[in-house]
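Text of data39.cif (mmCIF, C-alpha atoms) as supplied:
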data_structure
loop_
_atom_site.group_PDB
_atom_site.id
_atom_site.type_symbol
_atom_site.label_atom_id
_atom_site.label_comp_id
_atom_site.auth_asym_id
_atom_site.auth_seq_id
_atom_site.Cartn_x
_atom_site.Cartn_y
_atom_site.Cartn_z
ATOM 1 C CA MET A 1 -3.290 -4.867 6.053
ATOM 2 C CA GLU A 2 -0.065 -3.886 7.698
ATOM 3 C CA GLU A 3 2.686 -2.349 5.620
ATOM 4 C CA GLY A 4 5.485 -4.720 4.703
ATOM 5 C CA LYS A 5 3.583 -7.859 5.521
ATOM 6 C CA ALA A 6 4.371 -10.617 3.040
ATOM 7 C CA SER A 7 0.742 -11.673 2.775
ATOM 8 C CA GLU A 8 -0.128 -8.190 1.498
ATOM 9 C CA LYS A 9 -1.479 -8.462 -2.043
ATOM 10 C CA PRO A 10 -2.482 -5.706 -4.409
ATOM 11 C CA LYS A 11 -6.279 -5.611 -4.644
ATOM 12 C CA ARG A 12 -6.698 -5.023 -8.342
ATOM 13 C CA GLY A 13 -4.818 -4.829 -11.565
ATOM 14 C CA ILE A 14 -4.113 -1.507 -13.242
ATOM 15 C CA ASP A 15 -4.748 -1.154 -16.957
ATOM 16 C CA GLU A 16 -2.225 0.446 -19.316
ATOM 17 C CA LYS A 17 -4.321 3.580 -19.836
ATOM 18 C CA THR A 18 -4.312 4.274 -16.081
ATOM 19 C CA VAL A 19 -0.558 3.607 -15.813
ATOM 20 C CA ARG A 20 0.001 5.987 -18.738
ATOM 21 C CA SER A 21 -2.123 8.712 -17.086
ATOM 22 C CA ALA A 22 -0.320 8.305 -13.745
ATOM 23 C CA VAL A 23 3.087 8.426 -15.440
ATOM 24 C CA GLN A 24 2.134 11.513 -17.443
ATOM 25 C CA LYS A 25 1.116 13.318 -14.254
ATOM 26 C CA TYR A 26 4.260 12.068 -12.488
ATOM 27 C CA LEU A 27 6.433 13.457 -15.289
ATOM 28 C CA GLU A 28 4.643 16.815 -15.196
ATOM 29 C CA ILE A 29 4.655 17.267 -11.421
ATOM 30 C CA HIS A 30 7.877 15.638 -10.278
ATOM 31 C CA ARG A 31 10.143 15.772 -13.312
ATOM 32 C CA LYS A 32 8.783 19.092 -14.637
ATOM 33 C CA VAL A 33 8.354 17.551 -18.096
ATOM 34 C CA THR A 34 5.301 18.428 -20.144
ATOM 35 C CA THR A 35 4.653 15.636 -22.604
ATOM 36 C CA LYS A 36 1.719 13.843 -24.144
ATOM 37 C CA PRO A 37 1.573 10.139 -24.939
ATOM 38 C CA THR A 38 2.694 9.364 -28.474
ATOM 39 C CA ARG A 39 0.357 7.791 -30.982
ATOM 40 C CA GLY A 40 1.055 4.608 -32.867
ATOM 41 C CA ALA A 41 4.158 2.465 -32.620
ATOM 42 C CA GLY A 42 7.049 3.458 -30.409
ATOM 43 C CA PRO A 43 7.518 4.507 -26.798
ATOM 44 C CA ASP A 44 4.538 5.972 -24.945
ATOM 45 C CA PHE A 45 6.478 9.116 -23.956
ATOM 46 C CA ILE A 46 9.479 10.708 -25.654
ATOM 47 C CA PHE A 47 11.197 13.845 -24.317
ATOM 48 C CA ASP A 48 14.770 15.176 -24.287
ATOM 49 C CA GLY A 49 16.223 11.895 -25.584
ATOM 50 C CA GLU A 50 14.382 9.894 -22.914
ATOM 51 C CA ILE A 51 11.538 7.433 -23.288
ATOM 52 C CA VAL A 52 8.979 5.855 -21.015
ATOM 53 C CA GLU A 53 7.139 2.714 -22.080
ATOM 54 C CA THR A 54 4.013 1.958 -20.019
ATOM 55 C CA LYS A 55 2.325 -1.375 -19.469
ATOM 56 C CA GLY A 56 -0.732 -2.522 -17.534
ATOM 57 C CA SER A 57 -0.962 -5.481 -15.184
ATOM 58 C CA LYS A 58 -1.526 -7.879 -18.064
ATOM 59 C CA PHE A 59 0.866 -7.459 -20.980
ATOM 60 C CA GLY A 60 3.197 -9.405 -23.242
ATOM 61 C CA PHE A 61 6.425 -9.514 -21.270
ATOM 62 C CA ASP A 62 8.550 -10.864 -24.140
ATOM 63 C CA ARG A 63 7.324 -8.050 -26.392
ATOM 64 C CA ALA A 64 8.184 -5.465 -23.725
ATOM 65 C CA VAL A 65 11.713 -6.880 -23.461
ATOM 66 C CA LYS A 66 12.132 -6.660 -27.251
ATOM 67 C CA GLN A 67 10.862 -3.065 -27.211
ATOM 68 C CA MET A 68 13.331 -2.020 -24.524
ATOM 69 C CA LEU A 69 16.220 -3.694 -26.360
ATOM 70 C CA ASP A 70 15.197 -1.863 -29.531
ATOM 71 C CA TYR A 71 14.890 1.503 -27.755
ATOM 72 C CA ALA A 72 18.257 1.087 -26.002
ATOM 73 C CA SER A 73 20.191 1.891 -29.160
ATOM 74 C CA LYS A 74 18.016 4.897 -30.027
ATOM 75 C CA TYR A 75 17.429 6.817 -26.790
ATOM 76 C CA ARG A 76 19.615 8.282 -24.052
ATOM 77 C CA GLU A 77 17.481 7.128 -21.092
ATOM 78 C CA LEU A 78 14.991 4.280 -20.837
ATOM 79 C CA SER A 79 12.150 3.743 -18.382
ATOM 80 C CA LEU A 80 9.585 0.974 -18.217
ATOM 81 C CA ALA A 81 6.484 1.724 -16.114
ATOM 82 C CA LEU A 82 4.771 -1.308 -14.589
ATOM 83 C CA PRO A 83 2.128 -1.748 -11.897
ATOM 84 C CA VAL A 84 3.138 -3.769 -8.849
ATOM 85 C CA GLU A 85 0.854 -6.627 -9.948
ATOM 86 C CA ALA A 86 2.954 -7.124 -13.084
ATOM 87 C CA PHE A 87 6.020 -8.203 -11.082
ATOM 88 C CA THR A 88 6.781 -11.862 -10.464
ATOM 89 C CA ALA A 89 9.990 -13.461 -9.225
ATOM 90 C CA GLN A 90 10.784 -14.568 -12.768
ATOM 91 C CA ARG A 91 10.171 -11.114 -14.226
ATOM 92 C CA VAL A 92 12.310 -9.429 -11.582
ATOM 93 C CA MET A 93 15.195 -11.713 -12.527
ATOM 94 C CA GLN A 94 14.584 -11.177 -16.249
ATOM 95 C CA LEU A 95 14.454 -7.392 -15.779
ATOM 96 C CA ASN A 96 17.673 -7.609 -13.779
ATOM 97 C CA ALA A 97 19.339 -9.427 -16.680
ATOM 98 C CA LEU A 98 17.812 -7.013 -19.221
ATOM 99 C CA GLY A 99 19.168 -4.035 -17.266
ATOM 100 C CA LYS A 100 22.646 -5.541 -17.276
ATOM 101 C CA ILE A 101 22.492 -6.394 -20.987
ATOM 102 C CA ILE A 102 21.361 -2.879 -21.909
ATOM 103 C CA HIS A 103 24.128 -1.393 -19.789
ATOM 104 C CA LYS A 104 26.784 -3.658 -21.274
ATOM 105 C CA GLN A 105 25.706 -3.216 -24.904
ATOM 106 C CA HIS A 106 24.624 0.434 -24.884
ATOM 107 C CA SER A 107 26.050 2.016 -21.696
ATOM 108 C CA ARG A 108 22.540 2.957 -20.600
ATOM 109 C CA SER A 109 20.519 2.187 -17.510
ATOM 110 C CA LEU A 110 16.999 0.802 -17.550
ATOM 111 C CA LYS A 111 14.780 2.420 -14.931
ATOM 112 C CA LEU A 112 11.593 0.850 -13.693
ATOM 113 C CA LEU A 113 8.748 3.117 -12.665
ATOM 114 C CA CYS A 114 6.815 0.952 -10.220
ATOM 115 C CA VAL A 115 3.177 2.032 -9.928
ATOM 116 C CA LEU A 116 1.219 1.196 -6.783
ATOM 117 C CA ALA A 117 -2.548 1.754 -6.561
ATOM 118 C CA GLU A 118 -3.283 3.294 -3.168
ATOM 119 C CA PRO A 119 -6.482 2.488 -1.251
ATOM 120 C CA GLN A 120 -7.864 5.964 -1.968
ATOM 121 C CA GLN A 121 -9.678 5.988 -5.325
ATOM 122 C CA GLY A 122 -7.556 7.650 -8.025
ATOM 123 C CA ALA A 123 -4.392 7.707 -5.897
ATOM 124 C CA TYR A 124 -1.145 6.091 -7.022
ATOM 125 C CA ARG A 125 2.404 6.049 -5.721
ATOM 126 C CA ILE A 126 5.311 5.800 -8.143
ATOM 127 C CA GLY A 127 8.831 4.769 -7.192
ATOM 128 C CA GLU A 128 11.857 4.600 -9.494
ATOM 129 C CA HIS A 129 14.238 1.662 -9.333
ATOM 130 C CA TYR A 130 17.060 0.539 -11.579
ATOM 131 C CA ALA A 131 16.420 -2.830 -13.215
ATOM 132 C CA HIS A 132 19.965 -4.059 -12.554
ATOM 133 C CA THR A 133 19.557 -3.641 -8.757
ATOM 134 C CA LEU A 134 15.876 -4.531 -8.334
ATOM 135 C CA ALA A 135 16.434 -8.271 -7.731
ATOM 136 C CA TYR A 136 18.906 -7.541 -4.921
ATOM 137 C CA ASN A 137 16.633 -4.924 -3.333
ATOM 138 C CA VAL A 138 13.590 -7.214 -3.549
ATOM 139 C CA ALA A 139 15.518 -10.113 -1.976
ATOM 140 C CA GLU A 140 16.730 -7.861 0.844
ATOM 141 C CA ALA A 141 13.181 -6.597 1.477
ATOM 142 C CA ILE A 142 11.826 -10.166 1.541
ATOM 143 C CA GLY A 143 14.534 -11.152 4.020
ATOM 144 C CA ASP A 144 13.467 -8.294 6.301
ATOM 145 C CA PHE A 145 9.816 -9.379 6.521
ATOM 146 C CA ARG A 146 8.850 -10.241 10.070
ATOM 147 C CA GLU A 147 7.484 -13.607 8.848
ATOM 148 C CA TRP A 148 11.073 -14.879 8.809
ATOM 149 C CA SER A 149 11.475 -14.112 12.509
ATOM 150 C CA PHE A 150 8.862 -16.698 13.528
ATOM 151 C CA PRO A 151 10.210 -18.120 16.802
ATOM 152 C CA GLU A 152 11.588 -21.636 16.816
ATOM 153 C CA THR A 153 8.822 -23.275 18.840
ATOM 154 C CA GLU A 154 6.720 -26.369 18.534
ATOM 155 C CA ALA A 155 3.879 -24.104 17.423
ATOM 156 C CA LYS A 156 5.845 -23.156 14.319
ATOM 157 C CA PRO A 157 4.466 -25.103 11.369
ATOM 158 C CA LYS A 158 6.778 -27.714 9.882
ATOM 159 C CA ASN A 159 8.550 -26.437 6.743
ATOM 160 C CA TYR A 160 7.339 -22.900 7.491
ATOM 161 C CA GLU A 161 10.025 -21.220 5.352
ATOM 162 C CA SER A 162 9.539 -23.505 2.337
ATOM 163 C CA GLY A 163 5.804 -22.778 2.462
ATOM 164 C CA MET A 164 6.550 -19.066 2.371
ATOM 165 C CA ILE A 165 8.901 -19.449 -0.602
ATOM 166 C CA ARG A 166 6.197 -21.303 -2.554
ATOM 167 C CA ASN A 167 4.313 -17.992 -2.557
ATOM 168 C CA ILE A 168 7.341 -16.182 -3.992
ATOM 169 C CA ASP A 169 5.360 -13.956 -6.377
ATOM 170 C CA SER A 170 3.298 -12.626 -3.464
ATOM 171 C CA LEU A 171 6.511 -12.027 -1.545
ATOM 172 C CA VAL A 172 8.011 -10.192 -4.534
ATOM 173 C CA GLN A 173 4.975 -7.941 -4.901
ATOM 174 C CA SER A 174 4.931 -7.244 -1.157
ATOM 175 C CA ALA A 175 8.637 -6.399 -1.288
ATOM 176 C CA ILE A 176 8.089 -3.980 -4.165
ATOM 177 C CA VAL A 177 5.221 -2.354 -2.253
ATOM 178 C CA ARG A 178 7.572 -1.943 0.708
ATOM 179 C CA LEU A 179 10.325 -0.488 -1.499
ATOM 180 C CA ILE A 180 7.890 2.020 -3.005
ATOM 181 C CA ARG A 181 6.489 3.028 0.390
ATOM 182 C CA GLN A 182 9.941 3.434 1.946
ATOM 183 C CA ALA A 183 11.573 5.228 -0.983
ATOM 184 C CA THR A 184 12.292 8.849 -0.194
ATOM 185 C CA ASP A 185 12.009 9.734 -3.868
ATOM 186 C CA ALA A 186 8.638 7.988 -4.445
ATOM 187 C CA HIS A 187 5.774 10.326 -5.249
ATOM 188 C CA ASN A 188 1.992 10.284 -4.846
ATOM 189 C CA ILE A 189 -0.123 11.001 -7.896
ATOM 190 C CA TYR A 190 -3.846 11.768 -7.935
ATOM 191 C CA LEU A 191 -5.871 11.254 -11.096
#

Rewrite the structure from the file as structure tokens, please.
Amino acid sequence: MEEGKASEKPKRGIDEKTVRSAVQKYLEIHRKVTTKPTRGAGPDFIFDGEIVETKGSKFGFDRAVKQMLDYASKYRELSLALPVEAFTAQRVMQLNALGKIIHKQHSRSLKLLCVLAEPQQGAYRIGEHYAHTLAYNVAEAIGDFREWSFPETEAKPKNYESGMIRNIDSLVQSAIVRLIRQATDAHNIYL
């Protein structure tokens, strides 16, 4: 598959344990933070007034939103780690709104640690994005896909663009993959 192609789909889901392991290694290597996952209720990682909550590809989105709203009043910095497969158009918009609400109510920013499984076994790439700007960045990335530059010819299928938009979740995930791959501050992790 070519990078940045809208038809690009992640091959598999990532479970929460794997996301947690990748984030732990990311924190150790790239943030120079030594921390272990917490046990029981509460954020998965707590250090220096910051938290990171990790989720796998399949999780209760409403519960995650409630957790982040609860943590916003208690911690200085908030991060939510999600695999690329967990993002949909609806969730990107909801996370955008959540980021703005947290900022308005608590003067804090919600960061998203986007986790991409690389083709090499045990390899992951993690990129940080702010929730309140993710929707804009995803929309811009989707607009830049070469699929939108299909020439106006008779060979172009009728309603080509509307057909593409119907697959919006695939476009969103492809856009996030592109954002992670192009980010200068994204990092590779090997488990």

Applying 8 Å and all atoms listed in the file, which residues near region 103-115 of chain A remain after dropping the ones on its own chain fewer than 2 positions away? List them as a count of residues only. 27

Here CA of Ser170 (chain A) and CA of Lys17 (chain A) stand apart by 24.3 Å

Test item: residues at most 8 Å from region 22-26 of chain A, only C-alpha atoms, excluding those fewer than 4 positions along its chain, as a list in words: Thr18, His30, Arg31, Thr35, Lys36, Pro37, Thr54, Ala81, Tyr124, Ile126, His187, Ile189, Tyr190 and Leu191 of chain A

Using the selection just defined, write its residues with C-alpha atoms as a short mmCIF file (atom, residue, chain, number, x, y, z; two decimals), keeping the file's coordinate frame.
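Contents of the output file part.cif:
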data_model
loop_
_atom_site.label_atom_id
_atom_site.label_comp_id
_atom_site.auth_asym_id
_atom_site.auth_seq_id
_atom_site.Cartn_x
_atom_site.Cartn_y
_atom_site.Cartn_z
CA THR A 18 -4.31 4.27 -16.08
CA HIS A 30 7.88 15.64 -10.28
CA ARG A 31 10.14 15.77 -13.31
CA THR A 35 4.65 15.64 -22.60
CA LYS A 36 1.72 13.84 -24.14
CA PRO A 37 1.57 10.14 -24.94
CA THR A 54 4.01 1.96 -20.02
CA ALA A 81 6.48 1.72 -16.11
CA TYR A 124 -1.14 6.09 -7.02
CA ILE A 126 5.31 5.80 -8.14
CA HIS A 187 5.77 10.33 -5.25
CA ILE A 189 -0.12 11.00 -7.90
CA TYR A 190 -3.85 11.77 -7.94
CA LEU A 191 -5.87 11.25 -11.10
#

One decimal place gives the CA of Ile142 (chain A)-CA of Arg178 (chain A) separation as 9.3 Å

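For the choices A:Ala141, A:Asn188, A:Gly42, A:Asp70, the atom-to-atom distance to Gly122 (chain A) is smallest for A:Asn188 when using only C-alpha atoms.
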